[in-house]
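> Can you keep this structure in mind? I'll have questions shortly.
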Amino acid sequence: MSFKKILGDGSNFGIKISYKEQKKPRGLPEAFIIGENFIKNDSVALILGDNFFYGQGFTKRLSEITKKNIGSTIFAYNVNNPEKYGIVKFNKNNKILNIEEKPIRPKTSFAITGLYFFDKKVVQISKGIKPSKRGELEIVDVLKKYLKNNKIKLEFIGRGGAWLDAGSPKDLFDASQYVATIEERQGLKIACLEEIAFNKGWINKNTIKNRIKFYGKCDYSDYLKNIL
């Protein structure tokens, strides 16, 4: 696994990382079933690996959400092609009225992003839903359960933030161009894990030196040297 090769057990970033593999594509909610022993009585976040989020103050918002452990929180983003996504309809008070998966005639242009927060009940809810026609458990069905129980909250990624879906070669290229432009302009890396861990006090300079050796001669190592 590429993730495991790069991230390891998390000790290089001052955290603990464990892994569970989904053997076959049975849908996103199976992640909660596979991770049941990890979740236990805690709240949990699900982030799609091909989604990119960026925006000033976004980290603080996420931190505040993680302190809550009741219901679910999802993020919406205005798009010009909502028929390609799961979409959310809401009223003037931002109360969710309906959730649809890739509707032919969308009633709203707000897509549901690949970032979800749930309380511990998500495990049992995921176990209780049935596979769709394509034979997978659908995250939309989980969200509808929370909606039915009035336990779901809607947040927005506004015009100052970015959500990019990098699931296709073109989308990945566009996301890469976006990151490259910002990093070149600012001279700062977006989400450099070692930098984040160092600023949080989770690792020290020796750990960063070891990471430089791990990466070898490259621009990323040069960036880590500047941190030192």
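Naming works like this for the structure tokens: A, B, ... for the chains as they're shown, residue 1 at the start of each chain, ligands 1 onward in shown order.
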DSSP on the backbone: what in chain A comes out strand (DSSP E or B), as a PyMOL selection string?
chain A and resi 44-47+51-54+72-78+86-90+96-101+110-118+152-156+162-165
> Residues of region 138-196 of chain A that approach region 57-66 of chain A to 12 Å or less, counting only C-alpha atoms: could you list each one with the shortest pair of atoms and its distance in Å to one decimal, rows by chain and increasing residue number, as JSON lines?

```
{"residue": "A:Lys153", "atom": "CA", "partner": "A:Ile65", "partner_atom": "CA", "distance": 10.3}
{"residue": "A:Leu154", "atom": "CA", "partner": "A:Ile65", "partner_atom": "CA", "distance": 11.3}
{"residue": "A:Glu155", "atom": "CA", "partner": "A:Arg61", "partner_atom": "CA", "distance": 9.6}
{"residue": "A:Phe156", "atom": "CA", "partner": "A:Phe58", "partner_atom": "CA", "distance": 10.5}
{"residue": "A:Ile157", "atom": "CA", "partner": "A:Phe58", "partner_atom": "CA", "distance": 8.6}
{"residue": "A:Gly158", "atom": "CA", "partner": "A:Phe58", "partner_atom": "CA", "distance": 10.4}
{"residue": "A:Gly160", "atom": "CA", "partner": "A:Gly57", "partner_atom": "CA", "distance": 10.0}
{"residue": "A:Gly161", "atom": "CA", "partner": "A:Phe58", "partner_atom": "CA", "distance": 8.1}
{"residue": "A:Ala162", "atom": "CA", "partner": "A:Phe58", "partner_atom": "CA", "distance": 10.1}
{"residue": "A:Trp163", "atom": "CA", "partner": "A:Phe58", "partner_atom": "CA", "distance": 11.4}
{"residue": "A:Ala191", "atom": "CA", "partner": "A:Thr59", "partner_atom": "CA", "distance": 10.6}
{"residue": "A:Ile196", "atom": "CA", "partner": "A:Thr59", "partner_atom": "CA", "distance": 11.5}
```
> Would you pick out the contacts of Glu138 (chain A) at 12 Å or less, using only C-alpha atoms, so that residues sharing its chain but fewer than 6 positions from it are not included, and give the list as a PyMOL selection string?
chain A and resi 25-31+86+100-101+125-132+144-145
> Mind checking which residues fall within 10 Å of region 70-82 of chain A, counting only C-alpha atoms, ignoring those fewer than 3 positions away in the same chain, and posting them as an MDAnalysis selection string?
chainID A and resid 43:45 65:67 85:89 101:122 142:143 146:147 149:159 161:164
> Restricting the calculation to only C-alpha atoms, which member of A:Val179, A:Asp219, A:Asn226, A:Asn210 is positioned closest to Ser11 (chain A)?
A:Asn210
> Nearest to Ala197 (chain A): which of A:Asn12, A:Ser176, A:Asn69, A:Asn51 is it, counting only C-alpha atoms?
A:Asn12
